[in-house]
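File shown here: target-v9.txt, holding compact mmCIF, C-alpha atoms.
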# COMPACT_ATOMS: atom_id res chain seq x y z
CA MET A 1 -30.26 7.82 -16.84
CA THR A 2 -30.77 5.09 -19.44
CA HIS A 3 -29.45 1.55 -19.02
CA ALA A 4 -27.07 2.11 -21.95
CA THR A 5 -25.66 5.26 -20.32
CA ALA A 6 -25.16 3.43 -17.02
CA LEU A 7 -23.29 0.61 -18.77
CA PHE A 8 -21.12 3.10 -20.66
CA ASP A 9 -20.34 5.00 -17.46
CA ARG A 10 -19.30 1.80 -15.71
CA LYS A 11 -17.10 0.74 -18.62
CA GLN A 12 -15.27 4.07 -18.65
CA MET A 13 -14.77 4.09 -14.88
CA LEU A 14 -13.32 0.57 -15.06
CA ARG A 15 -11.00 1.92 -17.76
CA ALA A 16 -10.00 4.80 -15.47
CA LEU A 17 -9.30 2.36 -12.60
CA ARG A 18 -7.05 0.27 -14.86
CA LEU A 19 -5.17 3.41 -15.86
CA ALA A 20 -4.76 4.45 -12.21
CA ARG A 21 -3.12 1.14 -11.32
CA GLN A 22 -0.31 1.90 -13.77
CA GLY A 23 0.98 4.31 -11.15
CA VAL A 24 1.43 1.60 -8.47
CA GLY A 25 4.68 2.11 -6.61
CA SER A 26 5.43 5.59 -7.96
CA THR A 27 2.79 8.09 -6.78
CA SER A 28 3.39 8.22 -2.99
CA PRO A 29 2.64 10.32 -1.08
CA ASN A 30 -0.14 10.98 -3.61
CA PRO A 31 -2.99 8.57 -4.44
CA LEU A 32 -3.48 6.44 -7.52
CA VAL A 33 -5.84 8.24 -9.91
CA GLY A 34 -6.97 7.57 -13.47
CA ALA A 35 -9.15 9.64 -15.82
CA VAL A 36 -10.97 9.18 -19.13
CA LEU A 37 -12.49 11.95 -21.25
CA THR A 38 -15.36 11.11 -23.63
CA ARG A 39 -17.95 12.75 -25.87
CA ARG A 40 -20.86 11.09 -27.65
CA GLY A 41 -19.52 7.61 -26.93
CA ALA A 42 -15.95 8.24 -28.15
CA VAL A 43 -12.84 8.46 -26.00
CA LEU A 44 -11.12 11.81 -26.51
CA GLY A 45 -8.22 11.34 -24.09
CA GLU A 46 -7.09 9.44 -21.02
CA GLY A 47 -4.33 9.51 -18.44
CA TYR A 48 -3.20 8.69 -14.93
CA HIS A 49 -1.12 10.29 -12.21
CA HIS A 50 2.49 9.19 -12.71
CA ARG A 51 4.36 10.68 -9.79
CA ALA A 52 4.04 13.32 -7.06
CA GLY A 53 4.81 16.72 -8.55
CA LEU A 54 3.72 15.71 -12.06
CA PRO A 55 0.29 16.54 -13.55
CA HIS A 56 -2.76 14.87 -12.03
CA ALA A 57 -4.81 12.36 -13.99
CA GLU A 58 -7.39 14.93 -15.13
CA ILE A 59 -4.67 17.11 -16.64
CA GLU A 60 -3.07 14.09 -18.32
CA ALA A 61 -6.42 13.22 -19.93
CA LEU A 62 -6.95 16.80 -21.12
CA GLU A 63 -3.42 16.93 -22.56
CA ASP A 64 -3.95 13.57 -24.27
CA ALA A 65 -7.13 14.88 -25.88
CA ARG A 66 -5.29 18.01 -27.04
CA ARG A 67 -2.51 15.90 -28.60
CA ARG A 68 -5.16 13.92 -30.47
CA GLY A 69 -6.66 17.15 -31.79
CA HIS A 70 -9.84 17.08 -29.67
CA SER A 71 -11.52 19.85 -27.71
CA ALA A 72 -12.88 18.89 -24.28
CA ARG A 73 -15.79 21.34 -24.49
CA GLY A 74 -19.06 19.57 -23.70
CA ALA A 75 -17.27 16.34 -22.79
CA THR A 76 -17.71 13.95 -19.87
CA LEU A 77 -14.79 13.30 -17.53
CA TYR A 78 -14.55 10.02 -15.60
CA VAL A 79 -12.08 10.18 -12.72
CA THR A 80 -11.43 7.70 -9.92
CA LEU A 81 -10.97 10.35 -7.19
CA GLU A 82 -12.58 13.73 -6.58
CA PRO A 83 -10.68 16.46 -8.47
CA CYS A 84 -8.54 18.61 -6.20
CA SER A 85 -9.69 22.16 -5.50
CA THR A 86 -6.64 23.46 -3.61
CA HIS A 87 -3.15 24.52 -4.61
CA GLY A 88 -0.43 21.97 -3.84
CA ARG A 89 2.51 20.89 -5.96
CA THR A 90 0.23 21.55 -8.94
CA PRO A 91 -2.70 23.95 -9.58
CA PRO A 92 -6.28 22.83 -8.73
CA CYS A 93 -7.75 20.40 -11.24
CA THR A 94 -11.18 21.99 -10.81
CA GLU A 95 -9.86 25.16 -12.49
CA ALA A 96 -8.62 23.16 -15.49
CA ILE A 97 -11.94 21.30 -15.76
CA LEU A 98 -13.92 24.54 -15.82
CA ALA A 99 -11.51 26.22 -18.24
CA ALA A 100 -11.84 23.25 -20.62
CA GLY A 101 -15.64 23.54 -20.72
CA ILE A 102 -16.30 19.98 -19.52
CA ARG A 103 -20.06 19.46 -19.17
CA ARG A 104 -20.24 16.39 -16.90
CA VAL A 105 -17.92 14.84 -14.30
CA VAL A 106 -18.36 11.29 -12.97
CA VAL A 107 -16.32 10.50 -9.86
CA ALA A 108 -15.73 7.20 -8.09
CA ALA A 109 -14.57 8.28 -4.60
CA THR A 110 -14.57 11.60 -2.78
CA ASP A 111 -11.44 13.08 -1.22
CA PRO A 112 -10.71 11.15 2.03
CA ASN A 113 -9.46 14.30 3.75
CA PRO A 114 -12.39 15.57 5.87
CA ARG A 115 -11.27 19.16 5.27
CA HIS A 116 -11.56 18.75 1.49
CA ALA A 117 -14.16 15.99 1.00
CA GLY A 118 -16.85 17.13 -1.42
CA ARG A 119 -15.34 20.60 -1.83
CA GLY A 120 -14.20 20.03 -5.40
CA LEU A 121 -17.53 18.48 -6.40
CA GLU A 122 -19.52 21.35 -4.88
CA LEU A 123 -17.33 23.92 -6.64
CA LEU A 124 -17.99 22.23 -9.98
CA ARG A 125 -21.75 21.99 -9.33
CA LYS A 126 -21.95 25.69 -8.47
CA ALA A 127 -20.23 26.45 -11.77
CA GLY A 128 -22.94 24.53 -13.66
CA VAL A 129 -21.13 21.22 -14.23
CA GLN A 130 -23.25 18.07 -13.93
CA VAL A 131 -21.55 16.03 -11.19
CA GLU A 132 -22.17 12.39 -10.18
CA SER A 133 -20.19 10.47 -7.57
CA GLY A 134 -20.03 6.97 -6.11
CA LEU A 135 -19.62 4.87 -9.26
CA LEU A 136 -17.26 1.98 -8.32
CA ARG A 137 -16.40 3.85 -5.13
CA GLU A 138 -15.35 0.71 -3.22
CA ALA A 139 -12.88 -0.30 -5.94
CA SER A 140 -11.30 3.15 -5.88
CA GLU A 141 -11.09 3.21 -2.08
CA ARG A 142 -9.58 -0.28 -1.96
CA MET A 143 -6.97 0.75 -4.53
CA ASN A 144 -5.97 3.69 -2.31
CA GLU A 145 -6.18 2.02 1.11
CA GLY A 146 -2.73 3.25 2.06
CA PHE A 147 -3.30 6.86 1.03
CA ASN A 148 -6.74 7.03 2.64
CA HIS A 149 -5.45 5.66 5.95
CA TRP A 150 -2.39 7.94 5.96
CA ILE A 151 -4.49 11.04 5.29
CA LEU A 152 -6.73 10.29 8.29
CA HIS A 153 -4.22 8.87 10.79
CA HIS A 154 -0.78 10.09 9.58
CA THR A 155 0.59 6.54 9.89
CA PRO A 156 1.16 3.82 7.25
CA PHE A 157 -1.44 1.25 6.28
CA VAL A 158 0.09 -2.03 7.48
CA THR A 159 -0.22 -5.37 5.70
CA VAL A 160 1.17 -8.51 7.37
CA LYS A 161 2.26 -11.06 4.76
CA ALA A 162 3.32 -14.65 5.40
CA ALA A 163 3.79 -17.82 3.32
CA MET A 164 2.97 -20.92 5.35
CA THR A 165 2.27 -24.61 5.23
CA LEU A 166 -1.24 -25.82 6.04
CA ASP A 167 -0.23 -26.18 9.69
CA GLY A 168 1.01 -22.58 9.84
CA LYS A 169 4.77 -23.19 9.60
CA ILE A 170 7.09 -20.83 7.74
CA ALA A 171 10.29 -22.94 7.83
CA THR A 172 11.80 -26.19 9.05
CA PRO A 173 13.70 -26.27 12.38
CA SER A 174 16.94 -25.71 10.42
CA GLY A 175 15.49 -22.58 8.78
CA ASP A 176 14.81 -24.09 5.34
CA SER A 177 11.99 -22.03 3.79
CA LYS A 178 12.82 -21.87 0.05
CA TRP A 179 10.35 -22.34 -1.29
CA ILE A 180 7.23 -23.12 0.69
CA THR A 181 4.95 -21.70 -2.00
CA GLY A 182 5.13 -21.92 -5.78
CA PRO A 183 6.18 -19.27 -8.30
CA GLN A 184 2.70 -17.83 -8.85
CA ALA A 185 2.24 -17.16 -5.14
CA ARG A 186 5.72 -15.67 -4.92
CA GLY A 187 4.85 -13.44 -7.88
CA ILE A 188 1.84 -12.08 -6.00
CA GLY A 189 4.13 -11.55 -3.01
CA MET A 190 6.37 -9.40 -5.19
CA SER A 191 3.31 -7.45 -6.35
CA LEU A 192 2.52 -6.73 -2.71
CA ARG A 193 6.04 -5.36 -2.32
CA ALA A 194 5.66 -3.30 -5.49
CA ALA A 195 2.52 -1.66 -4.08
CA ALA A 196 4.19 -0.75 -0.76
CA ASP A 197 6.44 2.14 0.23
CA ALA A 198 8.37 0.16 2.83
CA ILE A 199 9.00 -3.42 3.89
CA LEU A 200 9.76 -4.52 7.46
CA VAL A 201 11.43 -7.62 8.91
CA GLY A 202 12.93 -8.59 12.24
CA VAL A 203 16.67 -9.05 12.69
CA ASN A 204 16.28 -12.82 13.15
CA THR A 205 14.85 -13.09 9.63
CA LEU A 206 17.71 -10.95 8.35
CA ILE A 207 20.36 -13.13 10.03
CA ALA A 208 18.74 -16.39 8.92
CA ASP A 209 18.01 -15.51 5.28
CA ASN A 210 20.11 -12.44 4.38
CA PRO A 211 17.30 -11.19 2.11
CA SER A 212 17.66 -8.29 -0.31
CA LEU A 213 14.09 -7.07 0.43
CA THR A 214 13.68 -5.73 -3.08
CA VAL A 215 11.14 -6.16 -5.88
CA ARG A 216 12.59 -8.67 -8.33
CA PRO A 217 11.36 -11.05 -11.05
CA VAL A 218 10.09 -14.51 -10.11
CA ALA A 219 10.54 -17.23 -12.71
CA GLY A 220 7.16 -18.44 -13.92
CA ALA A 221 5.23 -15.42 -12.59
CA ARG A 222 4.09 -12.11 -14.03
CA PRO A 223 6.79 -9.50 -13.31
CA ALA A 224 6.11 -6.90 -10.62
CA ILE A 225 7.44 -3.41 -11.27
CA HIS A 226 8.50 -0.93 -8.59
CA PRO A 227 10.12 2.14 -10.14
CA ARG A 228 11.86 3.26 -6.93
CA PRO A 229 13.62 1.34 -4.15
CA LEU A 230 11.65 0.19 -1.13
CA LEU A 231 12.57 1.52 2.27
CA ARG A 232 13.83 -1.57 4.14
CA VAL A 233 13.07 -1.40 7.89
CA ILE A 234 14.87 -3.80 10.27
CA LEU A 235 13.66 -4.21 13.87
CA ASP A 236 16.83 -4.93 15.82
CA THR A 237 16.74 -4.14 19.55
CA ARG A 238 20.42 -5.09 20.13
CA ALA A 239 21.92 -3.83 16.84
CA ARG A 240 22.84 -7.34 15.65
CA THR A 241 22.32 -6.54 11.95
CA PRO A 242 25.35 -8.04 10.13
CA LEU A 243 27.52 -5.37 8.56
CA ASP A 244 28.01 -7.56 5.48
CA SER A 245 24.29 -8.28 4.92
CA ARG A 246 22.73 -7.35 1.60
CA VAL A 247 20.54 -4.56 2.98
CA VAL A 248 23.61 -2.91 4.54
CA THR A 249 25.98 -3.24 1.59
CA ASP A 250 23.92 -2.86 -1.60
CA ALA A 251 23.71 0.26 -3.76
CA THR A 252 20.68 1.72 -1.97
CA ALA A 253 21.69 0.91 1.62
CA ALA A 254 22.64 4.47 2.57
CA THR A 255 19.29 5.92 1.52
CA HIS A 256 16.86 3.00 1.78
CA THR A 257 17.84 0.88 4.79
CA LEU A 258 16.62 1.82 8.26
CA VAL A 259 17.69 -0.17 11.34
CA VAL A 260 15.60 0.50 14.44
CA VAL A 261 17.44 -0.38 17.67
CA GLY A 262 16.53 -0.48 21.36
CA GLY A 263 17.73 1.69 24.21
CA LYS A 264 20.47 -0.71 25.33
CA ALA A 265 21.93 -1.51 21.91
CA PRO A 266 25.77 -1.36 22.09
CA ALA A 267 27.03 2.09 21.09
CA ALA A 268 29.88 0.62 19.01
CA ARG A 269 27.44 -1.48 16.96
CA ILE A 270 25.17 1.52 16.41
CA ALA A 271 28.13 3.64 15.27
CA ALA A 272 29.27 0.92 12.84
CA LEU A 273 25.79 0.62 11.35
CA ARG A 274 25.41 4.39 11.03
CA ARG A 275 28.43 4.49 8.75
CA GLN A 276 26.42 2.48 6.20
CA VAL A 277 22.68 2.93 6.91
CA THR A 278 20.20 5.06 8.85
CA VAL A 279 19.68 4.07 12.49
CA TRP A 280 16.81 5.12 14.76
CA LYS A 281 17.05 4.55 18.49
CA ALA A 282 13.67 3.71 20.02
CA PRO A 283 12.46 5.35 23.22
CA GLY A 284 11.07 3.55 26.25
CA ALA A 285 11.80 0.03 27.47
CA PRO A 286 15.16 -1.17 26.06
CA GLY A 287 13.95 -4.68 25.19
CA ARG A 288 11.24 -3.68 22.76
CA ILE A 289 10.50 -1.21 19.98
CA PRO A 290 7.19 0.64 20.44
CA LEU A 291 5.28 0.11 17.23
CA GLY A 292 3.09 3.20 17.63
CA TRP A 293 6.17 5.42 17.83
CA LEU A 294 7.70 3.69 14.80
CA LEU A 295 4.56 4.02 12.68
CA ARG A 296 4.21 7.71 13.54
CA ARG A 297 7.81 8.38 12.47
CA LEU A 298 7.35 6.43 9.24
CA GLY A 299 4.17 8.39 8.56
CA ARG A 300 6.08 11.65 8.90
CA LEU A 301 8.47 10.36 6.21
CA GLY A 302 5.53 10.01 3.82
CA ILE A 303 5.36 6.21 4.07
CA LEU A 304 1.76 5.44 3.12
CA SER A 305 1.93 1.64 3.13
CA LEU A 306 4.11 -0.80 5.07
CA LEU A 307 4.47 -4.50 4.22
CA VAL A 308 5.48 -6.63 7.21
CA GLU A 309 7.29 -9.87 6.29
CA GLY A 310 8.80 -10.17 9.70
CA GLY A 311 8.79 -13.77 10.89
CA GLY A 312 6.45 -15.17 13.52
CA VAL A 313 7.32 -12.90 16.45
CA VAL A 314 7.25 -9.64 14.49
CA ASN A 315 4.05 -10.67 12.66
CA ALA A 316 2.42 -11.44 16.00
CA SER A 317 3.46 -8.07 17.42
CA PHE A 318 1.73 -6.14 14.65
CA LEU A 319 -1.36 -8.36 14.68
CA LEU A 320 -1.89 -8.78 18.42
CA GLU A 321 -1.18 -5.11 19.17
CA ARG A 322 -3.79 -4.22 16.54
CA ARG A 323 -1.25 -2.28 14.48
CA ALA A 324 -1.99 -4.21 11.27
CA HIS A 325 -4.85 -3.41 8.89
CA ARG A 326 -4.70 -6.26 6.37
CA ALA A 327 -3.51 -9.86 6.41
CA ALA A 328 -2.10 -11.48 3.25
CA PHE A 329 -1.47 -15.16 3.96
CA PHE A 330 -0.35 -17.79 1.45
CA TYR A 331 -0.96 -21.46 2.25
CA ALA A 332 0.95 -24.24 0.49
CA PRO A 333 -0.43 -27.82 0.39
CA LYS A 334 2.34 -29.02 2.70
CA ILE A 335 2.53 -30.06 6.35
CA LEU A 336 5.72 -29.80 8.42
CA GLY A 337 4.51 -30.54 11.95
CA GLY A 338 6.78 -30.56 14.97
CA GLU A 339 7.22 -28.10 17.81
CA ASP A 340 10.50 -26.65 16.55
CA SER A 341 9.33 -25.41 13.16
CA PRO A 342 8.72 -21.63 13.35
CA ARG A 343 5.17 -20.42 12.91
CA GLY A 344 3.84 -17.62 10.77
CA VAL A 345 2.28 -15.96 13.81
CA ALA A 346 4.05 -16.69 17.09
CA GLY A 347 4.76 -14.43 20.07
CA ALA A 348 4.80 -15.14 23.78
CA ARG A 349 1.10 -14.45 24.29
CA GLY A 350 -1.80 -15.03 21.96
CA ALA A 351 -5.54 -14.62 22.36
CA ARG A 352 -6.83 -16.09 25.63
CA SER A 353 -10.34 -16.60 24.29
CA LEU A 354 -12.21 -16.67 21.01
CA GLN A 355 -13.57 -13.23 21.89
CA GLU A 356 -9.97 -11.93 21.83
CA ALA A 357 -9.19 -13.59 18.51
CA ILE A 358 -8.34 -11.38 15.56
CA SER A 359 -11.10 -11.53 12.96
CA LEU A 360 -10.94 -10.63 9.29
CA GLU A 361 -13.58 -9.01 7.11
CA GLY A 362 -13.86 -8.46 3.39
CA ILE A 363 -12.21 -11.84 2.95
CA GLU A 364 -10.98 -13.04 -0.44
CA TRP A 365 -9.66 -16.54 -1.18
CA LYS A 366 -7.81 -17.26 -4.42
CA ARG A 367 -6.32 -20.40 -5.88
CA VAL A 368 -2.79 -19.52 -7.01
CA GLY A 369 -1.26 -22.50 -8.75
CA ALA A 370 -1.23 -25.24 -6.12
CA ASP A 371 -1.41 -22.69 -3.28
CA LEU A 372 -4.17 -20.68 -1.62
CA PHE A 373 -4.04 -16.93 -1.04
CA LEU A 374 -6.14 -15.35 1.71
CA THR A 375 -6.47 -11.61 2.16
CA GLY A 376 -8.77 -9.62 4.39
CA ARG A 377 -9.04 -6.48 6.51
CA ILE A 378 -8.39 -6.74 10.24
CA ARG A 379 -11.68 -6.04 11.98
CA ARG A 380 -11.28 -3.10 14.33
CA LYS A 381 -12.58 -3.56 17.87
CA ARG A 382 -11.81 -0.06 19.07
CA PRO A 383 -10.81 3.29 17.57
CA GLU A 384 -7.41 3.35 15.87
CA ARG A 385 -4.54 4.39 18.11
CA ASN A 386 -1.96 6.84 16.87

Render the structure in this file as structure tokens.
Amino acid sequence: MTHATALFDRKQMLRALRLARQGVGSTSPNPLVGAVLTRRGAVLGEGYHHRAGLPHAEIEALEDARRRGHSARGATLYVTLEPCSTHGRTPPCTEAILAAGIRRVVVAATDPNPRHAGRGLELLRKAGVQVESGLLREASERMNEGFNHWILHHTPFVTVKAAMTLDGKIATPSGDSKWITGPQARGIGMSLRAAADAILVGVNTLIADNPSLTVRPVAGARPAIHPRPLLRVILDTRARTPLDSRVVTDATAATHTLVVVGGKAPAARIAALRRQVTVWKAPGAPGRIPLGWLLRRLGRLGILSLLVEGGGVVNASFLLERRAHRAAFFYAPKILGGEDSPRGVAGARGARSLQEAISLEGIEWKRVGADLFLTGRIRRKRPERN
């Protein structure tokens, strides 16, 4: 391969990745995928997967080429994920690729499902198509963290998000927290919501702030778009969720609010909530909600990614029980001090030694206006529990 060809391949795969990201918030339980079709240095067509049940990115690119009056015969297809080779909601993309006479296929990442990984590529190779894989693989896998995790473990990929002062506080003792960070940081926070299928908070946060837990514009920040409502999950062992709170009374409450209560929650409160929202009653000890059970049930609903904005105790539960996979922490250049100001990560028991401390890998720091944004994967110390 010449240097010029390698540069062209990279440019087209970057283009396909940008296209794929246009599907953020709308493709679950399918992955984000983009595709570009070229021949002799010219783009013939391009596309991305819009929504589950609609054509895959490869088909969108082929249709785009057809609308432009181009044949795909002899062309090169760049696609961010291995083309499917099995029947699902739509026919296999490998069949369409072969029928179109595409000569070469360049793939970023292979199918994360061990039962299907490499199957589509091998089928194309056996049919005489030149196949190359691995170009910008890490970027494609990072873009589909939630899907990849869900396919392997059948539970959501969990991100814990918090906005804190430099000393780790998320509010004053009176509960004043608007706004610790500036508009640019809050805009990124909305983008994190837009990329998730569900958002989770504890009932104390709900009572203190009465949040809507939606994706909405932030003045002074780039708008985040989420084409469908988020599932709002409230952890509420004693069913204290106010019946007049926004998540219980808004237009999507009946279909997109889930209150998870403990075994000893008052029956009358549960009944009142069930008239307006969905309620799950957790098994086991009445004073706590088992996170493994909750994540398995959410996974069965097709929730690929869960954003935890839960307050210090809930954040600590997900982090210290090793149920979180990514941390997204914003730090404002402010210091509150004091013992009574709530912390971003609290809980009754933390790490007893540095060896027990939660470590991050793949760390990224960004300056966002006057604030700092840290994101990184939680380093796994043992195999994932389901």

### Task
Could you check how far atom CA of Val106 of chain A sits from atom CA of Ala65 of chain A, in Å to one decimal?
17.5 Å

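The two atoms in question, atom CA of Thr159 of chain A and atom CA of Lys178 of chain A, are spaced 21.8 Å apart.
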
Which residues of segment 158-188 of chain A have any atom within 10 Å of an atom in segment 197-206 of chain A when counting only C-alpha atoms, and what is the closest pair of atoms for each, with the distance in Å to one decimal? Order the rows by chain and rising number and write it as a Markdown table.
| residue | atom | partner | partner_atom | distance |
| --- | --- | --- | --- | --- |
| A:Val158 | CA | A:Ile199 | CA | 9.7 |
| A:Thr159 | CA | A:Ile199 | CA | 9.6 |
| A:Val160 | CA | A:Leu200 | CA | 9.5 |
| A:Gly175 | CA | A:Thr205 | CA | 9.5 |

Restricting it to C-alpha atoms, dump the selection as a PDB file, in the frame of the given file.
ATOM      1  CA  VAL A 158       0.090  -2.030   7.480  1.00  0.00           C
ATOM      2  CA  THR A 159      -0.220  -5.370   5.700  1.00  0.00           C
ATOM      3  CA  VAL A 160       1.170  -8.510   7.370  1.00  0.00           C
ATOM      4  CA  GLY A 175      15.490 -22.580   8.780  1.00  0.00           C
TER       5      GLY A 175
END

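Checking A:Asp250, A:Asp236, A:Thr257, A:Arg322 one by one against Arg269 of chain A, counting only C-alpha atoms, you find the shortest gap at A:Asp236.
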
### Message
Residues near Arg186 of chain A, anyone? I mean within 12 Å using all atoms listed in the file, not counting same-chain ones fewer than 2 positions away, as a PyMOL selection string.
### Response
chain A and resi 161-164+178-184+188-193+215-224+329-332+368-373

### Query
Do you have the atom CA of Val33 of chain A-atom CA of Leu17 of chain A distance handy?
7.3 Å

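Look at segment 81-84 of chain A: the protein and nucleic acid residues within 6 Å of it, using only C-alpha atoms and passing over chain neighbours fewer than 3 places away, are Pro92, Cys93, Val107, Ala108, Ala109, Thr110, Asp111 and Gly120 of chain A.
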
Residues from the last selection, C-alpha atoms, saved as a compact mmCIF listing (two decimals), in the frame of the given file:
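The resulting file, again_9.txt, is shown below:
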# COMPACT_ATOMS: atom_id res chain seq x y z
CA PRO A 92 -6.28 22.83 -8.73
CA CYS A 93 -7.75 20.40 -11.24
CA VAL A 107 -16.32 10.50 -9.86
CA ALA A 108 -15.73 7.20 -8.09
CA ALA A 109 -14.57 8.28 -4.60
CA THR A 110 -14.57 11.60 -2.78
CA ASP A 111 -11.44 13.08 -1.22
CA GLY A 120 -14.20 20.03 -5.40

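Shortest atom-to-atom contact with Ile102 of chain A among A:Thr80, A:Thr38, A:Ser174, A:Thr155: A:Thr38, counting only C-alpha atoms.
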
### Query
A:Gly299, A:Ile97, A:Ser85, A:Asn144: which is nearest Ala35 of chain A, counting all atoms listed in the file?
A:Ile97

### Message
I'd like the neighbourhood of His325 of chain A as an NGL selection string, where a residue qualifies if any of its atoms comes within 12 Å (using all atoms listed in the file), though same-chain residues fewer than 2 positions away should be ignored.
### Response
:A and (145-146 or 149-150 or 155-161 or 305-308 or 318-323 or 327-328 or 358-362 or 375-381 or 384)

### Message
Quick one: residues within 7 Å of Asn210 of chain A, all atoms listed in the file, excluding same-chain residues fewer than 3 positions away - as a PyMOL selection string?
### Response
chain A and resi 206-207+245-246

Store the residues of this selection in a file with C-alpha atoms, as a CSV table (one decimal), in the frame of the given file.
chain,number,residue,atom,x,y,z
A,206,LEU,CA,17.7,-11.0,8.4
A,207,ILE,CA,20.4,-13.1,10.0
A,245,SER,CA,24.3,-8.3,4.9
A,246,ARG,CA,22.7,-7.4,1.6

### Message
Here's a test: counting all atoms listed in the file, identify every protein, DNA and RNA residue with an atom at most 12 Å from (21.3, 6.1, 10.8) in the file's coordinate frame, and state them as a VMD selection string.
### Response
chain A and resid 233 to 234 239 248 253 to 261 269 to 281

So that I can check the surroundings of Asn30 of chain A, please list as a PDB file with C-alpha atoms, in the frame of the given file every protein, DNA and RNA residue that reaches within 7 Å of it, counting all atoms listed in the file and ignoring chain neighbours fewer than 2 positions away.
ATOM      1  CA  THR A  27       2.790   8.090  -6.780  1.00  0.00           C
ATOM      2  CA  SER A  28       3.390   8.220  -2.990  1.00  0.00           C
ATOM      3  CA  LEU A  32      -3.480   6.440  -7.520  1.00  0.00           C
ATOM      4  CA  ALA A  52       4.040  13.320  -7.060  1.00  0.00           C
ATOM      5  CA  PHE A 147      -3.300   6.860   1.030  1.00  0.00           C
TER       6      PHE A 147
END

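Nearest residue to Asn315 of chain A among A:Leu235, A:Ile363, A:Ala285, A:Leu298 is A:Leu235, counting all atoms listed in the file.
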
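Take the candidates A:Lys11, A:Arg125, A:Arg66, A:Arg18 and check each one against Thr94 of chain A using all atoms listed in the file; the shortest distance goes to A:Arg125.
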
### Task
May I ask which of the residues A:Ser26, A:Thr172, A:Gln355, A:Thr2 is the closest one to Arg228 of chain A, counting all atoms listed in the file?
A:Ser26

### Message
Counting all atoms listed in the file, which residues have an atom no more than 8 Å from (-25.2, 16.7, -16.3) in the file's coordinates? Please list them as a PyMOL selection string.
### Response
chain A and resi 103-105+129-131
